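Participant: See run_14.pdb below, with PDB, C-alpha atoms.
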```
ATOM      1  CA  MET A   1     -31.890  -2.427   1.723  1.00  0.00           C
ATOM      2  CA  ARG A   2     -34.680  -0.792   3.699  1.00  0.00           C
ATOM      3  CA  LYS A   3     -32.924  -1.851   6.888  1.00  0.00           C
ATOM      4  CA  LEU A   4     -29.924   0.283   5.885  1.00  0.00           C
ATOM      5  CA  GLN A   5     -32.188   3.248   5.157  1.00  0.00           C
ATOM      6  CA  MET A   6     -33.883   2.779   8.531  1.00  0.00           C
ATOM      7  CA  LEU A   7     -30.480   2.583  10.207  1.00  0.00           C
ATOM      8  CA  ALA A   8     -29.405   5.873   8.632  1.00  0.00           C
ATOM      9  CA  ALA A   9     -32.675   7.529   9.693  1.00  0.00           C
ATOM     10  CA  ALA A  10     -32.289   6.102  13.219  1.00  0.00           C
ATOM     11  CA  LEU A  11     -28.793   7.595  13.486  1.00  0.00           C
ATOM     12  CA  VAL A  12     -30.142  11.022  12.534  1.00  0.00           C
ATOM     13  CA  ALA A  13     -32.888  10.705  15.146  1.00  0.00           C
ATOM     14  CA  LEU A  14     -30.357   9.534  17.717  1.00  0.00           C
ATOM     15  CA  SER A  15     -28.137  12.530  17.032  1.00  0.00           C
ATOM     16  CA  PHE A  16     -31.039  14.910  17.709  1.00  0.00           C
ATOM     17  CA  ILE A  17     -31.928  13.054  20.911  1.00  0.00           C
ATOM     18  CA  THR A  18     -28.285  13.215  21.991  1.00  0.00           C
ATOM     19  CA  ALA A  19     -28.220  16.958  21.250  1.00  0.00           C
ATOM     20  CA  PHE A  20     -31.347  17.528  23.340  1.00  0.00           C
ATOM     21  CA  LEU A  21     -29.941  15.578  26.289  1.00  0.00           C
ATOM     22  CA  ALA A  22     -26.467  17.131  26.103  1.00  0.00           C
ATOM     23  CA  TYR A  23     -27.607  20.724  25.631  1.00  0.00           C
ATOM     24  CA  PRO A  24     -27.985  21.724  29.331  1.00  0.00           C
ATOM     25  CA  ALA A  25     -24.433  20.607  30.149  1.00  0.00           C
ATOM     26  CA  MET A  26     -22.698  22.247  27.201  1.00  0.00           C
ATOM     27  CA  PRO A  27     -20.627  25.445  27.577  1.00  0.00           C
ATOM     28  CA  ALA A  28     -21.704  28.785  26.091  1.00  0.00           C
ATOM     29  CA  ARG A  29     -18.913  28.521  23.491  1.00  0.00           C
ATOM     30  CA  VAL A  30     -18.672  25.083  21.912  1.00  0.00           C
ATOM     31  CA  ALA A  31     -15.378  23.878  20.428  1.00  0.00           C
ATOM     32  CA  SER A  32     -16.309  22.841  16.897  1.00  0.00           C
ATOM     33  CA  HIS A  33     -13.146  22.574  14.821  1.00  0.00           C
ATOM     34  CA  TRP A  34      -9.678  21.120  15.331  1.00  0.00           C
ATOM     35  CA  ASN A  35      -6.522  21.597  13.277  1.00  0.00           C
ATOM     36  CA  LEU A  36      -4.338  18.738  12.099  1.00  0.00           C
ATOM     37  CA  GLY A  37      -2.343  18.993  15.317  1.00  0.00           C
ATOM     38  CA  GLY A  38      -5.440  18.200  17.353  1.00  0.00           C
ATOM     39  CA  GLU A  39      -5.769  21.745  18.708  1.00  0.00           C
ATOM     40  CA  VAL A  40      -9.078  23.604  18.803  1.00  0.00           C
ATOM     41  CA  ASP A  41      -9.148  26.439  16.260  1.00  0.00           C
ATOM     42  CA  GLY A  42     -12.874  27.125  15.936  1.00  0.00           C
ATOM     43  CA  TYR A  43     -15.869  27.716  18.193  1.00  0.00           C
ATOM     44  CA  MET A  44     -19.624  28.128  17.798  1.00  0.00           C
ATOM     45  CA  GLY A  45     -22.372  29.513  19.965  1.00  0.00           C
ATOM     46  CA  LYS A  46     -24.156  26.950  22.119  1.00  0.00           C
ATOM     47  CA  ASP A  47     -27.279  26.519  19.981  1.00  0.00           C
ATOM     48  CA  MET A  48     -25.415  26.093  16.696  1.00  0.00           C
ATOM     49  CA  GLY A  49     -22.590  24.136  18.320  1.00  0.00           C
ATOM     50  CA  VAL A  50     -24.968  21.539  19.745  1.00  0.00           C
ATOM     51  CA  TYR A  51     -27.407  21.182  16.849  1.00  0.00           C
ATOM     52  CA  PHE A  52     -25.186  21.818  13.819  1.00  0.00           C
ATOM     53  CA  VAL A  53     -24.039  18.210  13.285  1.00  0.00           C
ATOM     54  CA  PRO A  54     -27.529  16.659  13.603  1.00  0.00           C
ATOM     55  CA  LEU A  55     -28.891  19.225  11.137  1.00  0.00           C
ATOM     56  CA  LEU A  56     -25.956  18.701   8.772  1.00  0.00           C
ATOM     57  CA  THR A  57     -26.371  14.908   8.926  1.00  0.00           C
ATOM     58  CA  ALA A  58     -30.058  15.207   8.055  1.00  0.00           C
ATOM     59  CA  ALA A  59     -29.220  17.508   5.123  1.00  0.00           C
ATOM     60  CA  VAL A  60     -26.481  15.188   3.834  1.00  0.00           C
ATOM     61  CA  LEU A  61     -28.786  12.165   3.923  1.00  0.00           C
ATOM     62  CA  ALA A  62     -31.532  14.093   2.136  1.00  0.00           C
ATOM     63  CA  LEU A  63     -28.989  14.949  -0.567  1.00  0.00           C
ATOM     64  CA  ILE A  64     -27.760  11.353  -0.844  1.00  0.00           C
ATOM     65  CA  TYR A  65     -31.268   9.992  -1.277  1.00  0.00           C
ATOM     66  CA  GLY A  66     -32.391  12.826  -3.542  1.00  0.00           C
ATOM     67  CA  LEU A  67     -29.541  12.964  -6.051  1.00  0.00           C
ATOM     68  CA  PRO A  68     -30.337   9.674  -7.852  1.00  0.00           C
ATOM     69  CA  LEU A  69     -33.751  11.082  -8.740  1.00  0.00           C
ATOM     70  CA  LEU A  70     -32.007  13.824 -10.737  1.00  0.00           C
ATOM     71  CA  ASP A  71     -29.468  11.547 -12.425  1.00  0.00           C
ATOM     72  CA  PRO A  72     -30.018  10.760 -16.134  1.00  0.00           C
ATOM     73  CA  LYS A  73     -28.352   7.418 -15.397  1.00  0.00           C
ATOM     74  CA  ARG A  74     -30.604   6.680 -12.410  1.00  0.00           C
ATOM     75  CA  GLU A  75     -31.254   3.116 -13.589  1.00  0.00           C
ATOM     76  CA  ASN A  76     -27.614   2.236 -12.938  1.00  0.00           C
ATOM     77  CA  TYR A  77     -28.070   2.773  -9.195  1.00  0.00           C
ATOM     78  CA  LYS A  78     -30.080  -0.440  -9.016  1.00  0.00           C
ATOM     79  CA  SER A  79     -26.919  -2.475  -9.574  1.00  0.00           C
ATOM     80  CA  PHE A  80     -25.279  -1.068  -6.435  1.00  0.00           C
ATOM     81  CA  GLN A  81     -28.318   0.049  -4.415  1.00  0.00           C
ATOM     82  CA  LYS A  82     -27.327  -1.977  -1.348  1.00  0.00           C
ATOM     83  CA  GLU A  83     -23.849  -0.441  -1.286  1.00  0.00           C
ATOM     84  CA  TYR A  84     -25.336   3.018  -1.909  1.00  0.00           C
ATOM     85  CA  ASN A  85     -27.709   2.687   1.036  1.00  0.00           C
ATOM     86  CA  GLY A  86     -24.833   1.341   3.096  1.00  0.00           C
ATOM     87  CA  MET A  87     -22.841   4.441   2.172  1.00  0.00           C
ATOM     88  CA  ALA A  88     -25.632   6.636   3.541  1.00  0.00           C
ATOM     89  CA  ALA A  89     -25.676   4.630   6.780  1.00  0.00           C
ATOM     90  CA  ILE A  90     -21.916   4.693   7.281  1.00  0.00           C
ATOM     91  CA  ILE A  91     -21.741   8.440   6.596  1.00  0.00           C
ATOM     92  CA  ALA A  92     -24.479   8.981   9.190  1.00  0.00           C
ATOM     93  CA  GLY A  93     -22.604   6.702  11.603  1.00  0.00           C
ATOM     94  CA  PHE A  94     -19.329   8.505  10.970  1.00  0.00           C
ATOM     95  CA  MET A  95     -20.901  11.899  11.597  1.00  0.00           C
ATOM     96  CA  TYR A  96     -22.542  10.658  14.794  1.00  0.00           C
ATOM     97  CA  TYR A  97     -19.206   9.262  15.998  1.00  0.00           C
ATOM     98  CA  VAL A  98     -17.478  12.605  15.343  1.00  0.00           C
ATOM     99  CA  TYR A  99     -20.383  14.335  17.081  1.00  0.00           C
ATOM    100  CA  LEU A 100     -19.949  12.185  20.203  1.00  0.00           C
ATOM    101  CA  LEU A 101     -16.234  13.018  20.288  1.00  0.00           C
ATOM    102  CA  THR A 102     -17.084  16.723  19.993  1.00  0.00           C
ATOM    103  CA  LEU A 103     -19.594  16.553  22.830  1.00  0.00           C
ATOM    104  CA  ALA A 104     -17.214  14.596  25.046  1.00  0.00           C
ATOM    105  CA  PHE A 105     -14.456  17.140  24.495  1.00  0.00           C
ATOM    106  CA  ASN A 106     -16.769  20.032  25.351  1.00  0.00           C
ATOM    107  CA  LEU A 107     -17.896  18.232  28.490  1.00  0.00           C
ATOM    108  CA  GLY A 108     -14.312  18.293  29.730  1.00  0.00           C
ATOM    109  CA  TYR A 109     -12.980  14.884  28.756  1.00  0.00           C
ATOM    110  CA  SER A 110      -9.306  14.916  27.767  1.00  0.00           C
ATOM    111  CA  PHE A 111      -8.121  12.891  24.769  1.00  0.00           C
ATOM    112  CA  ASN A 112      -6.246  13.174  21.493  1.00  0.00           C
ATOM    113  CA  PHE A 113      -9.066  14.158  19.162  1.00  0.00           C
ATOM    114  CA  MET A 114      -7.268  13.328  15.915  1.00  0.00           C
ATOM    115  CA  GLN A 115      -6.149   9.946  17.230  1.00  0.00           C
ATOM    116  CA  LEU A 116      -9.712   8.945  18.064  1.00  0.00           C
ATOM    117  CA  LEU A 117     -10.879  10.183  14.668  1.00  0.00           C
ATOM    118  CA  ALA A 118      -8.657   7.563  13.015  1.00  0.00           C
ATOM    119  CA  PRO A 119     -10.985   4.527  13.350  1.00  0.00           C
ATOM    120  CA  GLY A 120     -13.924   6.576  12.068  1.00  0.00           C
ATOM    121  CA  PHE A 121     -12.021   7.591   8.960  1.00  0.00           C
ATOM    122  CA  GLY A 122     -10.686   4.049   8.618  1.00  0.00           C
ATOM    123  CA  ALA A 123     -14.201   2.615   8.446  1.00  0.00           C
ATOM    124  CA  LEU A 124     -15.333   5.394   6.113  1.00  0.00           C
ATOM    125  CA  PHE A 125     -12.436   4.938   3.676  1.00  0.00           C
ATOM    126  CA  LEU A 126     -12.779   1.150   3.658  1.00  0.00           C
ATOM    127  CA  TYR A 127     -16.466   1.288   2.872  1.00  0.00           C
ATOM    128  CA  MET A 128     -15.956   3.904   0.183  1.00  0.00           C
ATOM    129  CA  GLY A 129     -13.570   1.429  -1.393  1.00  0.00           C
ATOM    130  CA  ILE A 130     -16.393  -1.125  -1.457  1.00  0.00           C
ATOM    131  CA  VAL A 131     -18.780   1.399  -3.022  1.00  0.00           C
ATOM    132  CA  LEU A 132     -16.252   2.321  -5.720  1.00  0.00           C
ATOM    133  CA  ALA A 133     -15.782  -1.333  -6.652  1.00  0.00           C
ATOM    134  CA  LYS A 134     -19.534  -1.781  -7.158  1.00  0.00           C
ATOM    135  CA  ALA A 135     -20.596   1.607  -8.556  1.00  0.00           C
ATOM    136  CA  LYS A 136     -21.750   1.820 -12.161  1.00  0.00           C
ATOM    137  CA  GLN A 137     -21.756   4.915 -14.360  1.00  0.00           C
ATOM    138  CA  ASN A 138     -23.657   7.809 -12.823  1.00  0.00           C
ATOM    139  CA  TRP A 139     -23.248  11.561 -12.443  1.00  0.00           C
ATOM    140  CA  PHE A 140     -22.984  11.875  -8.667  1.00  0.00           C
ATOM    141  CA  VAL A 141     -21.151   8.961  -7.023  1.00  0.00           C
ATOM    142  CA  GLY A 142     -17.652   7.772  -7.784  1.00  0.00           C
ATOM    143  CA  ILE A 143     -14.726   8.978  -9.877  1.00  0.00           C
ATOM    144  CA  ARG A 144     -16.514  11.182 -12.381  1.00  0.00           C
ATOM    145  CA  THR A 145     -14.162  12.427 -15.063  1.00  0.00           C
ATOM    146  CA  PRO A 146     -14.947  13.151 -18.739  1.00  0.00           C
ATOM    147  CA  TRP A 147     -13.254   9.856 -19.575  1.00  0.00           C
ATOM    148  CA  THR A 148     -15.015   7.581 -17.058  1.00  0.00           C
ATOM    149  CA  LEU A 149     -18.363   9.092 -18.072  1.00  0.00           C
ATOM    150  CA  SER A 150     -17.578   8.483 -21.744  1.00  0.00           C
ATOM    151  CA  SER A 151     -16.654   4.807 -21.456  1.00  0.00           C
ATOM    152  CA  GLU A 152     -18.010   2.043 -19.218  1.00  0.00           C
ATOM    153  CA  ARG A 153     -14.749   0.152 -19.583  1.00  0.00           C
ATOM    154  CA  VAL A 154     -12.714   3.160 -18.397  1.00  0.00           C
ATOM    155  CA  TRP A 155     -15.222   3.700 -15.565  1.00  0.00           C
ATOM    156  CA  ASP A 156     -14.884   0.100 -14.369  1.00  0.00           C
ATOM    157  CA  ARG A 157     -11.090  -0.027 -14.565  1.00  0.00           C
ATOM    158  CA  THR A 158     -10.654   3.366 -12.903  1.00  0.00           C
ATOM    159  CA  HIS A 159     -13.007   2.453 -10.073  1.00  0.00           C
ATOM    160  CA  LEU A 160     -11.198  -0.822  -9.499  1.00  0.00           C
ATOM    161  CA  LEU A 161      -7.979   1.149  -8.971  1.00  0.00           C
ATOM    162  CA  GLY A 162      -9.705   3.762  -6.807  1.00  0.00           C
ATOM    163  CA  SER A 163     -11.333   1.044  -4.719  1.00  0.00           C
ATOM    164  CA  LYS A 164      -7.995  -0.565  -3.875  1.00  0.00           C
ATOM    165  CA  MET A 165      -6.419   2.769  -2.962  1.00  0.00           C
ATOM    166  CA  PHE A 166      -9.316   3.826  -0.710  1.00  0.00           C
ATOM    167  CA  MET A 167      -9.197   0.479   1.062  1.00  0.00           C
ATOM    168  CA  ALA A 168      -5.468   0.934   1.558  1.00  0.00           C
ATOM    169  CA  ALA A 169      -6.167   4.383   3.019  1.00  0.00           C
ATOM    170  CA  GLY A 170      -8.696   2.822   5.393  1.00  0.00           C
ATOM    171  CA  ILE A 171      -6.174   0.306   6.680  1.00  0.00           C
ATOM    172  CA  VAL A 172      -3.564   3.036   7.170  1.00  0.00           C
ATOM    173  CA  ALA A 173      -6.132   5.197   8.992  1.00  0.00           C
ATOM    174  CA  PHE A 174      -6.896   2.389  11.448  1.00  0.00           C
ATOM    175  CA  LEU A 175      -3.200   2.266  12.307  1.00  0.00           C
ATOM    176  CA  GLY A 176      -3.568   5.887  13.395  1.00  0.00           C
ATOM    177  CA  VAL A 177      -5.230   4.666  16.603  1.00  0.00           C
ATOM    178  CA  ALA A 178      -1.812   3.488  17.784  1.00  0.00           C
ATOM    179  CA  ILE A 179       0.425   5.725  15.658  1.00  0.00           C
ATOM    180  CA  PRO A 180      -1.101   9.224  15.224  1.00  0.00           C
ATOM    181  CA  GLN A 181       1.127  10.020  12.238  1.00  0.00           C
ATOM    182  CA  MET A 182      -0.521   7.221  10.284  1.00  0.00           C
ATOM    183  CA  PHE A 183      -3.795   9.139  10.227  1.00  0.00           C
ATOM    184  CA  MET A 184      -2.135  11.899   8.216  1.00  0.00           C
ATOM    185  CA  ALA A 185      -0.573   9.242   5.995  1.00  0.00           C
ATOM    186  CA  SER A 186      -4.071   7.918   5.216  1.00  0.00           C
ATOM    187  CA  VAL A 187      -5.163  11.393   4.122  1.00  0.00           C
ATOM    188  CA  ALA A 188      -2.137  11.496   1.819  1.00  0.00           C
ATOM    189  CA  VAL A 189      -3.181   8.133   0.334  1.00  0.00           C
ATOM    190  CA  VAL A 190      -6.694   9.467  -0.355  1.00  0.00           C
ATOM    191  CA  ILE A 191      -5.285  12.540  -2.099  1.00  0.00           C
ATOM    192  CA  ALA A 192      -2.961  10.298  -4.105  1.00  0.00           C
ATOM    193  CA  ALA A 193      -5.940   8.079  -4.989  1.00  0.00           C
ATOM    194  CA  ALA A 194      -7.858  11.060  -6.334  1.00  0.00           C
ATOM    195  CA  VAL A 195      -4.969  12.306  -8.456  1.00  0.00           C
ATOM    196  CA  ALA A 196      -3.974   8.843  -9.683  1.00  0.00           C
ATOM    197  CA  SER A 197      -7.569   7.947 -10.607  1.00  0.00           C
ATOM    198  CA  VAL A 198      -8.036  11.059 -12.733  1.00  0.00           C
ATOM    199  CA  ALA A 199      -4.746  10.473 -14.541  1.00  0.00           C
ATOM    200  CA  TYR A 200      -5.453   6.756 -14.949  1.00  0.00           C
ATOM    201  CA  SER A 201      -8.891   7.407 -16.454  1.00  0.00           C
ATOM    202  CA  TYR A 202      -7.356   9.769 -19.007  1.00  0.00           C
ATOM    203  CA  PHE A 203      -4.669   7.329 -20.121  1.00  0.00           C
ATOM    204  CA  GLU A 204      -7.110   4.388 -20.207  1.00  0.00           C
ATOM    205  CA  TYR A 205      -9.460   6.417 -22.396  1.00  0.00           C
ATOM    206  CA  ARG A 206      -6.626   7.331 -24.762  1.00  0.00           C
ATOM    207  CA  LYS A 207      -5.658   3.666 -24.953  1.00  0.00           C
ATOM    208  CA  GLU A 208      -9.231   2.713 -25.783  1.00  0.00           C
ATOM    209  CA  MET A 209      -9.514   5.370 -28.493  1.00  0.00           C
ATOM    210  CA  LYS A 210      -6.239   4.242 -30.077  1.00  0.00           C
ATOM    211  CA  GLY A 211      -7.504   0.655 -30.064  1.00  0.00           C
ATOM    212  CA  LYS A 212     -10.695   1.670 -31.855  1.00  0.00           C
ATOM    213  CA  LYS A 213      -8.771   3.606 -34.497  1.00  0.00           C
ATOM    214  CA  GLY A 214      -6.503   0.620 -35.016  1.00  0.00           C
ATOM    215  CA  ARG A 215      -9.457  -1.719 -35.590  1.00  0.00           C
ATOM    216  CA  LYS A 216     -10.976   0.670 -38.138  1.00  0.00           C
ATOM    217  CA  LYS A 217      -7.795   0.558 -40.195  1.00  0.00           C
TER     218      LYS A 217
END
```
What would you get if you wrote out this structure as structure tokens?

Facilitator:
Amino acid sequence: MRKLQMLAAALVALSFITAFLAYPAMPARVASHWNLGGEVDGYMGKDMGVYFVPLLTAAVLALIYGLPLLDPKRENYKSFQKEYNGMAAIIAGFMYYVYLLTLAFNLGYSFNFMQLLAPGFGALFLYMGIVLAKAKQNWFVGIRTPWTLSSERVWDRTHLLGSKMFMAAGIVAFLGVAIPQMFMASVAVVIAAAVASVAYSYFEYRKEMKGKKGRKK
């Protein structure tokens, strides 16, 4: 588990080293945001444009490692600690990959930005599916609805569904490398997963409550 934490920290360090080395060659206005059509629609000044992603990655990792300390259900993290640390590492890796694409674009390389984003999102979605399958009740990670937080059974069943849908989204996203439209389809699957999981948790909770009332009678 410590190896995964070290990997995440190494990726943050690597992003700062990359920023330092790339800085002299970067333009005064750095392209920093792309729309769904792959066109640039946002810029930053050079300093912020070069160092924003490394700083953001460091902040995100600090949040990931700090949140369990605030969670009343912190003991439950032990059951999926390896997957949780892996999540931190893959998020850091994803952000570094996006950062490299951003730097390459600003250095004048020509490519379809959204198409090359596809494998990064594919890996991210697939791993999130793994995390959802392993996660136990907590307040910060997973599908947190009033109904999943009220019942371990509803939590487990809802996360099993969410896991399968996120993995499906990951597979669809990988297809976006060859078929750009599939990347957008993967985003649609993720949105559908979020909506379906909330609805599913509600109906599973209602089913459980009806079962309890029936047994009391």

Participant: Counting all atoms listed in the file, write as a list in words all protein and nucleic acid residues lying at most 8 Å from (-14.3, 9.6, -16.0) in the file's frame.

Facilitator: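 Output: Ile143, Arg144, Thr145, Pro146, Trp147, Thr148, Leu149, Ser150, Ser151, Val154, Trp155, Thr158, Val198, Ser201 and Tyr202 of chain A.
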
Participant: I'd like the residues picked by the PyMOL selection byres ((chain A and resi 5-22) around 12) written out as a PyMOL selection string, using the chain letters and numbers from the file.

Facilitator: chain A and resi 1-4+23-27+30+46-62+64-65+81-100+102-104+106-107

Participant: Filtering to C-alpha atoms, could you give me those residues as a compact mmCIF listing (two decimals), in the frame of the given file?

Facilitator:
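The resulting file, result_26.txt, is shown below:
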```
# COMPACT_ATOMS: atom_id res chain seq x y z
CA MET A 1 -31.89 -2.43 1.72
CA ARG A 2 -34.68 -0.79 3.70
CA LYS A 3 -32.92 -1.85 6.89
CA LEU A 4 -29.92 0.28 5.88
CA TYR A 23 -27.61 20.72 25.63
CA PRO A 24 -27.98 21.72 29.33
CA ALA A 25 -24.43 20.61 30.15
CA MET A 26 -22.70 22.25 27.20
CA PRO A 27 -20.63 25.44 27.58
CA VAL A 30 -18.67 25.08 21.91
CA LYS A 46 -24.16 26.95 22.12
CA ASP A 47 -27.28 26.52 19.98
CA MET A 48 -25.42 26.09 16.70
CA GLY A 49 -22.59 24.14 18.32
CA VAL A 50 -24.97 21.54 19.74
CA TYR A 51 -27.41 21.18 16.85
CA PHE A 52 -25.19 21.82 13.82
CA VAL A 53 -24.04 18.21 13.28
CA PRO A 54 -27.53 16.66 13.60
CA LEU A 55 -28.89 19.23 11.14
CA LEU A 56 -25.96 18.70 8.77
CA THR A 57 -26.37 14.91 8.93
CA ALA A 58 -30.06 15.21 8.06
CA ALA A 59 -29.22 17.51 5.12
CA VAL A 60 -26.48 15.19 3.83
CA LEU A 61 -28.79 12.16 3.92
CA ALA A 62 -31.53 14.09 2.14
CA ILE A 64 -27.76 11.35 -0.84
CA TYR A 65 -31.27 9.99 -1.28
CA GLN A 81 -28.32 0.05 -4.42
CA LYS A 82 -27.33 -1.98 -1.35
CA GLU A 83 -23.85 -0.44 -1.29
CA TYR A 84 -25.34 3.02 -1.91
CA ASN A 85 -27.71 2.69 1.04
CA GLY A 86 -24.83 1.34 3.10
CA MET A 87 -22.84 4.44 2.17
CA ALA A 88 -25.63 6.64 3.54
CA ALA A 89 -25.68 4.63 6.78
CA ILE A 90 -21.92 4.69 7.28
CA ILE A 91 -21.74 8.44 6.60
CA ALA A 92 -24.48 8.98 9.19
CA GLY A 93 -22.60 6.70 11.60
CA PHE A 94 -19.33 8.51 10.97
CA MET A 95 -20.90 11.90 11.60
CA TYR A 96 -22.54 10.66 14.79
CA TYR A 97 -19.21 9.26 16.00
CA VAL A 98 -17.48 12.60 15.34
CA TYR A 99 -20.38 14.34 17.08
CA LEU A 100 -19.95 12.18 20.20
CA THR A 102 -17.08 16.72 19.99
CA LEU A 103 -19.59 16.55 22.83
CA ALA A 104 -17.21 14.60 25.05
CA ASN A 106 -16.77 20.03 25.35
CA LEU A 107 -17.90 18.23 28.49
```

Participant: Fewer than 5 positions away in the same chain doesn't count, so skip those; otherwise give me all residues within 12 Å of A:Ile130, counting all atoms listed in the file, as number ranges by chain.

Facilitator: A: 80, 82-84, 86-87, 90, 123-125, 135, 142, 159-168, 170

Participant: Hey, can you check how far atom CA of A:Asn35 sits from atom CA of A:Val189?

Facilitator: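 Computing the Euclidean distance for atom CA of A:Asn35 and atom CA of A:Val189 yields 19.0 Å.
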
Participant: In Å, how far is it from atom CA of A:Asn138 to atom CA of A:Lys73?

Facilitator: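 So the answer is 5.4 Å.
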
Participant: Extract stretch 123-192 of chain A from the structure I just pasted (atoms: C-alpha atoms) and return it as a PDB file, in the first residue's frame.

Facilitator:
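Here's the written file selection03.pdb:
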```pdb
ATOM      1  CA  ALA A 123      -8.336   3.863 -17.295  1.00  0.00           C
ATOM      2  CA  LEU A 124      -9.873   6.249 -14.766  1.00  0.00           C
ATOM      3  CA  PHE A 125     -13.421   4.934 -15.233  1.00  0.00           C
ATOM      4  CA  LEU A 126     -12.309   1.299 -15.118  1.00  0.00           C
ATOM      5  CA  TYR A 127     -10.420   1.770 -11.887  1.00  0.00           C
ATOM      6  CA  MET A 128     -13.271   3.708 -10.320  1.00  0.00           C
ATOM      7  CA  GLY A 129     -15.394   0.672 -11.080  1.00  0.00           C
ATOM      8  CA  ILE A 130     -12.942  -1.442  -9.078  1.00  0.00           C
ATOM      9  CA  VAL A 131     -13.035   1.018  -6.169  1.00  0.00           C
ATOM     10  CA  LEU A 132     -16.846   1.038  -6.134  1.00  0.00           C
ATOM     11  CA  ALA A 133     -16.952  -2.758  -5.983  1.00  0.00           C
ATOM     12  CA  LYS A 134     -14.685  -2.791  -2.919  1.00  0.00           C
ATOM     13  CA  ALA A 135     -15.755   0.363  -1.057  1.00  0.00           C
ATOM     14  CA  LYS A 136     -17.565   0.008   2.256  1.00  0.00           C
ATOM     15  CA  GLN A 137     -19.838   2.576   3.883  1.00  0.00           C
ATOM     16  CA  ASN A 138     -18.166   5.946   4.334  1.00  0.00           C
ATOM     17  CA  TRP A 139     -19.060   9.610   3.923  1.00  0.00           C
ATOM     18  CA  PHE A 140     -16.658  10.630   1.163  1.00  0.00           C
ATOM     19  CA  VAL A 141     -16.044   7.881  -1.410  1.00  0.00           C
ATOM     20  CA  GLY A 142     -18.645   6.107  -3.489  1.00  0.00           C
ATOM     21  CA  ILE A 143     -22.364   6.471  -4.146  1.00  0.00           C
ATOM     22  CA  ARG A 144     -23.446   8.353  -1.045  1.00  0.00           C
ATOM     23  CA  THR A 145     -27.203   8.714  -0.879  1.00  0.00           C
ATOM     24  CA  PRO A 146     -29.430   8.791   2.233  1.00  0.00           C
ATOM     25  CA  TRP A 147     -30.375   5.200   1.439  1.00  0.00           C
ATOM     26  CA  THR A 148     -26.887   3.726   0.916  1.00  0.00           C
ATOM     27  CA  LEU A 149     -25.711   5.440   4.109  1.00  0.00           C
ATOM     28  CA  SER A 150     -28.674   4.014   6.021  1.00  0.00           C
ATOM     29  CA  SER A 151     -28.223   0.379   5.006  1.00  0.00           C
ATOM     30  CA  GLU A 152     -25.087  -1.678   4.357  1.00  0.00           C
ATOM     31  CA  ARG A 153     -27.085  -4.024   2.155  1.00  0.00           C
ATOM     32  CA  VAL A 154     -28.327  -1.140  -0.022  1.00  0.00           C
ATOM     33  CA  TRP A 155     -24.782   0.283  -0.106  1.00  0.00           C
ATOM     34  CA  ASP A 156     -23.318  -3.020  -1.310  1.00  0.00           C
ATOM     35  CA  ARG A 157     -25.971  -3.690  -3.949  1.00  0.00           C
ATOM     36  CA  THR A 158     -25.898  -0.124  -5.268  1.00  0.00           C
ATOM     37  CA  HIS A 159     -22.115  -0.133  -5.522  1.00  0.00           C
ATOM     38  CA  LEU A 160     -22.151  -3.441  -7.361  1.00  0.00           C
ATOM     39  CA  LEU A 161     -24.405  -1.854  -9.992  1.00  0.00           C
ATOM     40  CA  GLY A 162     -22.344   1.344 -10.109  1.00  0.00           C
ATOM     41  CA  SER A 163     -19.141  -0.662 -10.455  1.00  0.00           C
ATOM     42  CA  LYS A 164     -20.407  -2.503 -13.529  1.00  0.00           C
ATOM     43  CA  MET A 165     -21.611   0.704 -15.171  1.00  0.00           C
ATOM     44  CA  PHE A 166     -18.335   2.566 -14.555  1.00  0.00           C
ATOM     45  CA  MET A 167     -16.379  -0.348 -15.984  1.00  0.00           C
ATOM     46  CA  ALA A 168     -18.639  -0.306 -19.025  1.00  0.00           C
ATOM     47  CA  ALA A 169     -17.959   3.426 -19.378  1.00  0.00           C
ATOM     48  CA  GLY A 170     -14.224   2.721 -19.216  1.00  0.00           C
ATOM     49  CA  ILE A 171     -14.418   0.195 -22.032  1.00  0.00           C
ATOM     50  CA  VAL A 172     -16.469   2.595 -24.164  1.00  0.00           C
ATOM     51  CA  ALA A 173     -13.977   5.399 -23.451  1.00  0.00           C
ATOM     52  CA  PHE A 174     -11.075   3.262 -24.682  1.00  0.00           C
ATOM     53  CA  LEU A 175     -12.922   2.818 -27.968  1.00  0.00           C
ATOM     54  CA  GLY A 176     -12.766   6.599 -28.301  1.00  0.00           C
ATOM     55  CA  VAL A 177      -9.108   6.274 -29.329  1.00  0.00           C
ATOM     56  CA  ALA A 178     -10.293   4.907 -32.674  1.00  0.00           C
ATOM     57  CA  ILE A 179     -13.816   6.357 -32.766  1.00  0.00           C
ATOM     58  CA  PRO A 180     -13.924   9.873 -31.219  1.00  0.00           C
ATOM     59  CA  GLN A 181     -17.706   9.754 -30.773  1.00  0.00           C
ATOM     60  CA  MET A 182     -17.312   6.868 -28.347  1.00  0.00           C
ATOM     61  CA  PHE A 183     -15.608   9.158 -25.844  1.00  0.00           C
ATOM     62  CA  MET A 184     -18.788  11.216 -25.573  1.00  0.00           C
ATOM     63  CA  ALA A 185     -20.769   7.986 -25.299  1.00  0.00           C
ATOM     64  CA  SER A 186     -18.657   7.014 -22.268  1.00  0.00           C
ATOM     65  CA  VAL A 187     -19.514  10.316 -20.588  1.00  0.00           C
ATOM     66  CA  ALA A 188     -23.188   9.554 -21.218  1.00  0.00           C
ATOM     67  CA  VAL A 189     -22.736   6.134 -19.574  1.00  0.00           C
ATOM     68  CA  VAL A 190     -21.178   7.763 -16.489  1.00  0.00           C
ATOM     69  CA  ILE A 191     -24.075  10.211 -16.205  1.00  0.00           C
ATOM     70  CA  ALA A 192     -26.514   7.324 -16.617  1.00  0.00           C
TER      71      ALA A 192
END
```
